[in-house]
Amino acid sequence: MGANYNVGIDLPFSASGDANTWQYNFVTQATTAKRFQICTGASNPFPLGVLQNDPQSENIGEVRVFGSTLVKMDATGTAITYGDFLACGSTGMAVITTGSVIQGIALTAVSSGASIIGEMLLIPFGRSAIIDNTP
């Protein structure tokens, strides 16, 4: 059976600013209703989801709120392995989390580097006291 990239639920939100470099990054709600902006670590624990397209300012962005998604991963400090718990990092990329906030589970591994696109199971509003999910 092949990979099942991008199988999930998407919702439309307007871009609050130019989002053409944010595809596959975490996004969060903007101060105006039905708009989104790039996520930062301060957006934890509840980003909206992962942006699926690359809209210009005021255009519609498709935000994956549940399911499998491609996501930019940041493994500059620590390698990401299959099954690791992930959260939104300071630049909107998925990073390993060892805290109580869990926004996804890595479905692919990234040995090193930033902005590496991998697959993640997105868990909306995920929280857990579990620190390790080593398979």
# chains A, B, ... in the order shown; residues from 1 in each chain; ligands from 1
$ select_by_dssp --residues "chain A" --states "strand (DSSP E or B)" --output "count of residues only"
57
$ residues_around --residues "stretch 56-65 of chain A" --least-positions-apart "6" --cutoff "10 Å" --atoms "only C-alpha atoms" --output "number ranges by chain"
A: 6-21, 23-28, 34-36, 47-50, 122-125
$ residues_around --residues "stretch 115-119 of chain A" --least-positions-apart "3" --cutoff "9 Å" --atoms "only C-alpha atoms" --output "list in words"
Tyr5, Asn6, Tyr24, Ser68, Thr69, Leu70, Val71, Lys72, Met73, Asp74, Ala75, Met93, Ile105, Ala106, Leu107, Thr108, Ala109, Val110 and Ser112 of chain A
$ atom_distance --atom1 "atom CA of A:Leu121" --atom2 "atom CA of A:Ala33"
26.3 Å
$ closest_residue --among "A:Gln29, A:Trp22, A:Met120, A:Gly41" --to "A:Gly89" --atoms "only C-alpha atoms"
A:Gly41
